[in-house]
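Visitor: Structure file start_26.txt, compact mmCIF, C-alpha atoms, is pasted below:
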# COMPACT_ATOMS: atom_id res chain seq x y z
CA MET A 1 94.13 51.88 90.88
CA LYS A 2 97.28 52.47 88.92
CA SER A 3 100.37 52.42 91.11
CA ASN A 4 103.46 54.52 90.46
CA GLY A 5 105.63 52.01 92.28
CA THR A 6 106.28 53.77 95.58
CA ARG A 7 105.68 52.13 98.94
CA LYS A 8 102.78 53.64 100.78
CA LYS A 9 100.64 53.21 103.81
CA ASN A 10 96.90 53.66 103.44
CA LEU A 11 95.18 55.02 106.52
CA ASN A 12 91.51 55.81 105.86
CA GLY A 13 91.99 57.79 102.68
CA VAL A 14 95.46 59.03 103.59
CA ILE A 15 98.61 57.97 101.82
CA GLU A 16 101.64 58.46 104.06
CA LEU A 17 104.93 58.99 102.30
CA THR A 18 108.40 58.97 103.77
CA ARG A 19 110.70 61.93 103.16
CA LYS A 20 112.74 59.72 100.84
CA GLU A 21 109.68 58.83 98.78
CA ILE A 22 108.63 62.47 98.50
CA ILE A 23 112.10 63.58 97.37
CA GLU A 24 112.34 60.71 94.87
CA ARG A 25 109.02 61.63 93.30
CA ILE A 26 109.91 65.31 93.00
CA GLU A 27 113.36 64.41 91.66
CA HIS A 28 111.91 62.05 89.07
CA GLY A 29 109.28 64.55 87.90
CA ALA A 30 111.66 67.52 87.85
CA LYS A 31 114.23 65.63 85.76
CA ARG A 32 111.68 64.31 83.31
CA ARG A 33 109.59 67.44 82.89
CA MET A 34 111.88 70.37 83.66
CA HIS A 35 115.33 68.85 83.11
CA CYS A 36 116.50 70.00 86.52
CA SER A 37 116.95 68.62 90.03
CA ALA A 38 114.31 68.70 92.77
CA ARG A 39 116.44 71.19 94.69
CA ASN A 40 116.74 73.48 91.71
CA LEU A 41 113.02 73.28 90.95
CA VAL A 42 112.10 74.33 94.48
CA ARG A 43 114.79 77.03 94.57
CA LEU A 44 113.58 78.55 91.29
CA TYR A 45 109.98 78.46 92.46
CA ARG A 46 110.68 80.11 95.79
CA ALA A 47 112.76 82.79 94.06
CA GLY A 48 109.81 83.55 91.76
CA GLN A 49 111.86 82.48 88.75
CA LEU A 50 109.82 79.49 87.63
CA GLU A 51 107.95 80.85 84.61
CA ASP A 52 105.28 78.15 84.56
CA ALA A 53 104.94 76.87 88.10
CA GLY A 54 101.48 75.48 87.35
CA ALA A 55 102.99 72.90 85.03
CA VAL A 56 104.67 71.31 88.03
CA ALA A 57 102.09 72.20 90.67
CA ASP A 58 101.80 68.52 91.60
CA LEU A 59 105.53 68.35 92.37
CA LEU A 60 105.42 71.63 94.31
CA ALA A 61 102.49 70.22 96.28
CA LEU A 62 104.62 67.21 97.19
CA ALA A 63 107.33 69.61 98.36
CA ASN A 64 104.70 71.31 100.54
CA LEU A 65 104.51 68.10 102.56
CA LEU A 66 108.08 68.55 103.77
CA PRO A 67 108.78 70.64 106.87
CA ASP A 68 109.88 74.22 106.17
CA ASN A 69 113.38 73.49 107.47
CA ASP A 70 113.92 70.50 105.17
CA PRO A 71 117.37 70.48 103.52
CA LEU A 72 115.68 70.41 100.09
CA PHE A 73 114.78 74.07 100.54
CA GLY A 74 118.36 75.06 101.31
CA ASN A 75 118.77 78.77 102.05
CA ALA A 76 115.53 79.60 100.31
CA ALA A 77 113.38 78.05 103.10
CA MET B 1 65.84 61.00 87.69
CA ALA B 2 66.61 60.87 91.40
CA THR B 3 63.69 60.94 93.74
CA PRO B 4 63.59 63.89 96.14
CA PRO B 5 64.68 61.78 99.16
CA GLU B 6 67.82 60.64 97.26
CA LEU B 7 68.67 64.21 96.37
CA ALA B 8 67.94 65.33 99.91
CA LYS B 9 70.38 62.70 101.24
CA ARG B 10 73.12 63.91 98.94
CA LEU B 11 72.52 67.54 99.84
CA ALA B 12 72.62 66.58 103.51
CA ARG B 13 75.97 64.86 102.95
CA VAL B 14 77.40 67.96 101.28
CA ARG B 15 76.24 70.12 104.20
CA GLN B 16 77.65 67.70 106.76
CA LEU B 17 81.06 67.47 105.07
CA THR B 18 81.15 71.25 104.63
CA ASP B 19 80.40 71.75 108.33
CA GLU B 20 83.23 69.34 109.12
CA TYR B 21 85.82 71.07 106.96
CA LYS B 22 84.79 74.44 108.35
CA ALA B 23 85.13 73.15 111.94
CA GLY B 24 88.91 73.48 111.82
CA ASP B 25 89.89 70.28 113.57
CA LYS B 26 91.51 67.00 112.58
CA ARG B 27 88.33 65.84 110.81
CA SER B 28 88.53 68.81 108.45
CA PHE B 29 91.20 67.28 106.23
CA ASP B 30 89.23 64.11 105.68
CA ALA B 31 86.06 66.13 105.12
CA VAL B 32 87.71 67.97 102.21
CA ARG B 33 88.87 64.66 100.77
CA ASN B 34 85.45 63.06 101.21
CA LEU B 35 83.65 66.03 99.69
CA ALA B 36 85.94 66.24 96.63
CA ASP B 37 85.68 62.47 96.17
CA PHE B 38 81.89 62.59 96.57
CA LEU B 39 81.41 65.42 94.04
CA LEU B 40 83.71 63.80 91.49
CA ARG B 41 82.11 60.35 91.90
CA LEU B 42 78.71 61.90 91.39
CA THR B 43 79.88 63.44 88.13
CA VAL B 44 82.94 62.92 85.94
CA LEU B 45 85.18 60.44 87.80
CA LYS B 46 85.77 56.95 86.46
CA PRO B 47 84.80 54.36 89.10
CA SER B 48 88.45 53.20 89.25
CA GLY B 49 89.61 56.61 90.48
CA GLY B 50 89.46 58.28 93.86
CA VAL B 51 90.68 61.26 95.84
CA ARG B 52 93.13 60.70 98.68
CA LEU B 53 95.13 62.84 101.04
CA ALA B 54 98.91 62.64 100.97
CA SER B 55 101.08 63.45 103.96
CA ILE B 56 104.57 62.91 105.25
CA GLN B 57 104.97 60.14 107.83
CA GLY B 58 104.76 61.35 111.39
CA PRO B 59 102.90 64.22 113.00
CA THR B 60 101.91 66.91 110.51
CA LYS B 61 99.39 69.71 110.10
CA ARG B 62 99.71 69.74 106.31
CA PHE B 63 98.06 67.47 103.75
CA VAL B 64 97.62 67.50 99.99
CA ALA B 65 94.38 66.29 98.41
CA GLY B 66 95.08 64.65 95.08
CA GLY B 67 94.80 61.42 93.13
CA TRP B 68 94.92 57.91 94.57
CA ASN B 69 98.71 57.80 94.80
CA GLY B 70 99.22 61.48 95.50
CA PRO B 71 98.98 64.81 93.68
CA ASP B 72 101.18 63.54 90.85
CA ASP B 73 98.72 60.72 90.13
CA PRO B 74 95.89 62.29 88.07
CA LEU B 75 92.28 61.20 88.44
CA PRO B 76 90.82 59.23 85.51
CA LEU B 77 87.70 60.75 83.95
CA ASN B 78 84.79 59.26 82.04
CA ASP B 79 86.05 60.68 78.73
CA GLY B 80 89.40 58.87 78.96
CA LYS B 81 91.20 62.07 79.97
CA TYR B 82 92.49 63.07 83.41
CA LEU B 83 92.09 65.66 86.12
CA ARG B 84 95.28 66.48 88.01
CA LEU B 85 94.30 67.69 91.46
CA ALA B 86 96.72 69.17 94.00
CA ILE B 87 95.21 71.04 96.94
CA THR B 88 97.54 71.88 99.84
CA LEU B 89 95.67 72.13 103.13
CA GLU B 90 96.86 73.25 106.53
CA LEU B 91 95.30 73.89 109.93
CA VAL B 92 96.24 77.37 111.10
CA GLU B 93 95.43 79.46 114.15
CA THR B 94 93.10 82.39 113.53
CA LYS B 95 91.39 84.86 115.86
CA ASP B 96 88.37 82.55 115.72
CA GLY B 97 90.38 79.44 116.61
CA PRO B 98 92.00 76.86 114.33
CA ARG B 99 90.78 76.85 110.76
CA LEU B 100 91.54 74.78 107.68
CA LYS B 101 93.13 76.86 104.92
CA VAL B 102 93.82 76.09 101.30
CA PHE B 103 97.35 77.34 100.65
CA GLU B 104 97.69 76.24 97.08
CA SER B 105 95.32 74.66 94.65
CA SER B 106 95.92 73.46 91.13
CA ILE B 107 93.39 71.70 88.92
CA GLN B 108 94.50 70.63 85.46
CA TYR B 109 92.46 68.92 82.74
CA GLN B 110 94.79 66.83 80.60
CA ALA B 111 94.55 64.27 77.80
CA ASP B 112 97.43 62.07 79.01
CA ARG B 113 98.59 60.74 82.38
CA ASP B 114 101.86 62.68 82.18
CA GLY B 115 100.21 66.05 81.64
CA LYS B 116 102.29 66.95 78.60
CA ASP B 117 99.04 67.12 76.64
CA TRP B 118 97.24 69.45 79.04
CA ILE B 119 94.15 71.40 78.02
CA PHE B 120 93.53 73.99 80.73
CA ARG B 121 94.69 74.66 84.24
CA TYR B 122 93.46 76.73 87.14
CA ASP B 123 95.93 77.69 89.87
CA TYR B 124 95.45 79.48 93.17
CA LEU B 125 98.32 80.45 95.45
CA ARG B 126 97.60 82.17 98.75
CA TYR B 127 101.19 83.49 98.82
CA SER B 128 102.57 83.67 95.32
CA PRO B 129 106.33 84.01 94.86
CA ASN B 130 105.98 85.13 91.26
CA PRO B 131 104.27 88.18 89.70
CA HIS B 132 101.37 86.25 88.16
CA PRO B 133 97.87 86.77 89.60
CA ALA B 134 97.38 84.60 92.68
CA ALA B 135 94.38 82.96 91.03
CA HIS B 136 94.65 82.44 87.30
CA LEU B 137 93.61 80.30 84.37
CA GLN B 138 95.87 79.01 81.62
CA ILE B 139 94.64 77.54 78.37
CA ARG B 140 96.83 75.50 76.04
CA GLY B 141 96.24 76.95 72.62
CA LYS B 142 97.42 79.41 70.07
CA LEU B 143 95.99 82.79 69.23
CA LEU B 144 94.69 83.04 65.69
CA ARG B 145 96.62 86.25 65.20
CA THR B 146 100.23 85.54 64.27
CA GLY B 147 103.23 87.13 65.89
CA THR B 148 101.65 87.21 69.33
CA ARG B 149 102.65 85.42 72.47
CA ASN B 150 101.78 81.78 72.84
CA ILE B 151 98.52 81.81 74.75
CA GLU B 152 99.49 78.97 77.10
CA ARG B 153 102.02 81.29 78.75
CA ILE B 154 99.36 83.84 79.65
CA HIS B 155 98.00 83.76 83.18
CA PHE B 156 94.45 85.08 82.88
CA PRO B 157 93.42 86.55 86.25
CA THR B 158 90.40 85.00 87.93
CA SER B 159 88.74 85.10 91.29
CA ARG B 160 88.58 81.79 93.17
CA VAL B 161 87.37 79.01 90.90
CA SER B 162 85.78 76.14 92.77
CA LEU B 163 86.14 72.44 92.06
CA GLU B 164 82.38 72.53 91.44
CA ALA B 165 82.88 75.12 88.67
CA ILE B 166 85.57 73.00 87.04
CA ILE B 167 83.31 69.94 87.14
CA ARG B 168 80.46 71.88 85.54
CA LEU B 169 82.85 73.17 82.86
CA LEU B 170 83.99 69.62 82.08
CA VAL B 171 80.42 68.36 81.77
CA GLN B 172 78.87 71.22 79.86
CA GLU B 173 81.69 72.55 77.71
CA PHE B 174 83.90 69.49 77.24
CA GLY B 175 81.10 66.92 77.16
CA VAL B 176 82.45 64.63 79.88
CA LYS B 177 79.75 62.14 80.81
CA CYS B 178 78.29 62.28 84.30
CA ASN B 179 77.65 59.33 86.60
CA GLU B 180 74.36 60.83 87.76
CA ASP B 181 71.81 62.90 85.89
CA SER B 182 71.63 66.67 86.02
CA GLY B 183 68.66 66.57 88.39
CA VAL B 184 71.11 65.32 91.01
CA TRP B 185 74.51 66.81 90.25
CA ARG B 186 73.38 70.34 89.49
CA PRO B 187 71.73 71.06 92.86
CA VAL B 188 74.47 69.19 94.72
CA LEU B 189 77.28 71.16 93.03
CA ALA B 190 75.35 74.41 93.45
CA GLU B 191 74.90 73.87 97.19
CA SER B 192 78.49 72.80 97.72
CA GLU B 193 79.82 75.82 95.81
CA ARG B 194 77.51 78.21 97.65
CA LEU B 195 78.80 76.97 101.00
CA PHE B 196 82.42 77.17 99.82
CA PHE B 197 82.06 80.82 98.83
CA GLU B 198 80.81 81.70 102.32
CA ILE B 199 84.39 81.33 103.53
CA ALA B 200 86.62 81.30 100.45
CA HIS B 201 89.59 83.64 100.43
CA ILE B 202 89.37 85.92 97.39
CA PRO B 203 92.81 87.14 96.33
CA LEU B 204 93.70 90.39 94.61
CA SER B 205 95.09 90.06 91.10
CA VAL B 206 97.41 93.04 91.43
CA PHE B 207 100.18 93.09 94.00
CA PRO B 208 100.59 96.49 95.68
CA VAL B 209 104.40 96.35 95.54
Could you quickly redo this structure as structure tokens?

Guide:
Amino acid sequence: MKSNGTRKKNLNGVIELTRKEIIERIEHGAKRRMHCSARNLVRLYRAGQLEDAGAVADLLALANLLPDNDPLFGNAA
Amino acid sequence: MATPPELAKRLARVRQLTDEYKAGDKRSFDAVRNLADFLLRLTVLKPSGGVRLASIQGPTKRFVAGGWNGPDDPLPLNDGKYLRLAITLELVETKDGPRLKVFESSIQYQADRDGKDWIFRYDYLRYSPNPHPAAHLQIRGKLLRTGTRNIERIHFPTSRVSLEAIIRLLVQEFGVKCNEDSGVWRPVLAESERLFFEIAHIPLSVFPV
């Protein structure tokens, strides 16, 4: 399996990520693909202003792992 | 060609995993993972790939089914391309007791790991924040007619599109080689899809407001 370099715990087909790991992965992907921060990506999506959300559906799925009151969502949560 | 008992075993596994994901308990998450992994291994998945659930550390009722290292790690296919899978699952209370729901699902066929060279993508959002149809297909291409909108920006409305339908599309229209012959994968995919549509949420493509 190809690793993307993050620490992970494998529990019977489940990869458990820390909040920090999740944020880092969203941040990395958002910067590289959308030229914006993780916070901005999520804010734009939740405001319905992300024209092509499907392009970053994997990053938005990672954000789904965070609790609804996570600081990443700011006032848009 | 698989003998009938081999096919019967695989069909029995599909029915068992489907019963488990429909049960709406803690096993349901793993049943979705196992079923997606099983269907892909039977068909287009490279042996080095696999489906796993991602979650945040600690107690949670939400998981994402995706590639081996998470939804941002696409699954390698037999044709050297990739399938990016991101299915957000959550256990929710309903009038019939707890049930597993798919909140968002995105399946993208792409030529590179990064997904810059994507080919098509199917998205489903139970609660969509934007005006696009909740279930839609996007195709990366250009219309032959000049002066029109780039086709990759168009969200073609669909009903629910199952993982089984995407697998069949990859095999039959894109020529991705299968790990088993059609005498096995066709009836297995057909049964799995039939059982999925017994409970699948079908969204409207037009929002009333």

Visitor: For B:Arg33, please output as a short mmCIF file (atom, residue, chain, number, x, y, z; two decimals) with C-alpha atoms, keeping the file's coordinate frame all residues within 9 Å (counting all atoms listed in the file; exclusion window: fewer than 5 positions along the same chain).

Guide:
data_model
loop_
_atom_site.label_atom_id
_atom_site.label_comp_id
_atom_site.auth_asym_id
_atom_site.auth_seq_id
_atom_site.Cartn_x
_atom_site.Cartn_y
_atom_site.Cartn_z
CA GLY A 13 91.99 57.79 102.68
CA SER B 28 88.53 68.81 108.45
CA PHE B 38 81.89 62.59 96.57
CA VAL B 51 90.68 61.26 95.84
CA ARG B 52 93.13 60.70 98.68
CA LEU B 53 95.13 62.84 101.04
CA ALA B 65 94.38 66.29 98.41
CA GLY B 66 95.08 64.65 95.08
#

Visitor: Just checking: using only C-alpha atoms, which residue out of B:Pro133, B:Gly147, B:Pro59, B:Gly49 ends up closest to chain A?

Guide: B:Gly49

Visitor: Of the candidates A:Ala47, A:Ala53, A:Leu62, A:Leu72, which one gets nearest to A:Ile15 if we count all atoms listed in the file?

Guide: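 Under the stated criterion, the closest residue is A:Leu62.
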
Visitor: Please determine the contact residues of chain B with respect to chain A at a cut-off of 6 Å, counting all atoms listed in the file, and supply them as a list in words.

Guide: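 Residues passing the distance filter: Arg52, Leu53, Ala54, Ser55, Ile56, Gln57, Pro71, Asp72, Ala86, Pro129 and Asn130 of chain B.
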
Visitor: Please report the interatomic distance between atom CA of B:Gln172 and atom CA of B:Pro157 in Å with one decimal.

Guide: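 Here the two named atoms are 22.1 Å from each other.
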
Visitor: Show which residues sit within 9 Å of B:Phe156, as a list of chain:residue names. Count all atoms listed in the file, and ignore same-chain residues fewer than 3 positions away.

Guide: B:His132, B:Pro133, B:Ala135, B:His136, B:Leu137, B:Gln138, B:Ile139

Visitor: Can I get the selection written as a PDB file, in the coordinates of the input, with C-alpha atoms?

Guide:
ATOM      1  CA  HIS B 132     101.370  86.250  88.160  1.00  0.00           C
ATOM      2  CA  PRO B 133      97.870  86.770  89.600  1.00  0.00           C
ATOM      3  CA  ALA B 135      94.380  82.960  91.030  1.00  0.00           C
ATOM      4  CA  HIS B 136      94.650  82.440  87.300  1.00  0.00           C
ATOM      5  CA  LEU B 137      93.610  80.300  84.370  1.00  0.00           C
ATOM      6  CA  GLN B 138      95.870  79.010  81.620  1.00  0.00           C
ATOM      7  CA  ILE B 139      94.640  77.540  78.370  1.00  0.00           C
TER       8      ILE B 139
END

Visitor: I'd like to know which of B:Leu163, B:Tyr127, B:Phe174, B:Arg168 is closest to B:Ala36, using all atoms listed in the file.

Guide: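 Under the stated criterion, the closest residue is B:Leu163.
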
Visitor: One decimal, Å: what's the distance from atom CA of B:Glu6 over to atom CA of B:Gly183, could you say?

Guide: 10.7 Å

Visitor: Quote the spacing between atom CA of B:Arg113 and atom CA of A:Arg39 in Å to one decimal place.

Guide: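 Value for the atom CA of B:Arg113-atom CA of A:Arg39 distance: 24.1 Å.
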
Visitor: Set the distance at 6 Å and use only C-alpha atoms: which residues neighbour B:Ser105 once local chain neighbours fewer than 3 positions away are removed? I'd like the list as a list in words.

Guide: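 Close residues of B:Ser105: Ala86, Ile87, Asp123 and Tyr124 of chain B.
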
Visitor: Might you pull out every residue within 8 Å of B:Leu35, with all atoms listed in the file counted and same-chain residues fewer than 6 positions away left off, and present them as a CSV table (one decimal) with C-alpha atoms, in the coordinates of the input?

Guide:
chain,number,residue,atom,x,y,z
B,14,VAL,CA,77.4,68.0,101.3
B,17,LEU,CA,81.1,67.5,105.1
B,18,THR,CA,81.2,71.2,104.6

Visitor: Would you pick out the contacts of A:Ala38 at 8 Å or less, using all atoms listed in the file, so that residues sharing its chain but fewer than 3 positions from it are not included, and give the list as a PyMOL selection string?

Guide: chain A and resi 23+26-28+30-31+41-42+72

Visitor: Please determine, counting all atoms listed in the file, which residue among B:Trp118, B:Val64, B:Lys81, B:Ala111 has the shortest atom-to-atom distance to B:Asp30.

Guide: B:Val64

Visitor: Rebuild N, CA and C atoms on stretch 20-45 of chain A, as a compact mmCIF listing (two decimals), keeping the file's coordinate frame?

Guide:
# COMPACT_ATOMS: atom_id res chain seq x y z
N LYS A 20 112.00 60.26 101.99
CA LYS A 20 112.74 59.72 100.84
C LYS A 20 111.82 59.55 99.62
N GLU A 21 110.64 59.03 99.88
CA GLU A 21 109.68 58.83 98.78
C GLU A 21 109.27 60.17 98.15
N ILE A 22 109.04 61.15 99.01
CA ILE A 22 108.63 62.47 98.50
C ILE A 22 109.74 63.05 97.62
N ILE A 23 110.97 63.01 98.13
CA ILE A 23 112.10 63.58 97.37
C ILE A 23 112.28 62.82 96.05
N GLU A 24 112.16 61.50 96.09
CA GLU A 24 112.34 60.71 94.87
C GLU A 24 111.31 61.08 93.81
N ARG A 25 110.08 61.29 94.25
CA ARG A 25 109.02 61.63 93.30
C ARG A 25 109.23 63.01 92.70
N ILE A 26 109.64 63.96 93.54
CA ILE A 26 109.91 65.31 93.00
C ILE A 26 111.11 65.26 92.05
N GLU A 27 112.14 64.53 92.48
CA GLU A 27 113.36 64.41 91.66
C GLU A 27 113.03 63.81 90.29
N HIS A 28 112.28 62.74 90.31
CA HIS A 28 111.91 62.05 89.07
C HIS A 28 111.12 62.99 88.14
N GLY A 29 110.12 63.65 88.71
CA GLY A 29 109.28 64.55 87.90
C GLY A 29 110.05 65.76 87.40
N ALA A 30 110.90 66.32 88.24
CA ALA A 30 111.66 67.52 87.85
C ALA A 30 112.62 67.19 86.71
N LYS A 31 113.27 66.03 86.82
CA LYS A 31 114.23 65.63 85.76
C LYS A 31 113.50 65.41 84.45
N ARG A 32 112.40 64.70 84.52
CA ARG A 32 111.68 64.31 83.31
C ARG A 32 110.99 65.51 82.65
N ARG A 33 110.40 66.37 83.47
CA ARG A 33 109.59 67.44 82.89
C ARG A 33 110.31 68.77 82.75
N MET A 34 111.23 69.05 83.69
CA MET A 34 111.88 70.37 83.66
C MET A 34 113.39 70.28 83.43
N HIS A 35 113.90 69.06 83.33
CA HIS A 35 115.33 68.85 83.11
C HIS A 35 116.18 69.54 84.19
N CYS A 36 115.73 69.44 85.41
CA CYS A 36 116.50 70.00 86.52
C CYS A 36 116.31 69.12 87.76
N SER A 37 117.06 69.42 88.80
CA SER A 37 116.95 68.62 90.03
C SER A 37 115.77 69.12 90.87
N ALA A 38 115.38 68.31 91.85
CA ALA A 38 114.31 68.70 92.77
C ALA A 38 114.70 69.98 93.50
N ARG A 39 115.94 70.02 93.94
CA ARG A 39 116.44 71.19 94.69
C ARG A 39 116.36 72.47 93.85
N ASN A 40 116.76 72.33 92.60
CA ASN A 40 116.74 73.48 91.71
C ASN A 40 115.31 73.93 91.40
N LEU A 41 114.43 72.97 91.23
CA LEU A 41 113.02 73.28 90.95
C LEU A 41 112.44 74.12 92.09
N VAL A 42 112.65 73.64 93.30
CA VAL A 42 112.10 74.33 94.48
C VAL A 42 112.76 75.69 94.66
N ARG A 43 114.06 75.76 94.43
CA ARG A 43 114.79 77.03 94.57
C ARG A 43 114.26 78.07 93.57
N LEU A 44 114.10 77.64 92.31
CA LEU A 44 113.58 78.55 91.29
C LEU A 44 112.17 79.03 91.63
N TYR A 45 111.36 78.10 92.12
CA TYR A 45 109.98 78.46 92.46
C TYR A 45 109.95 79.50 93.58
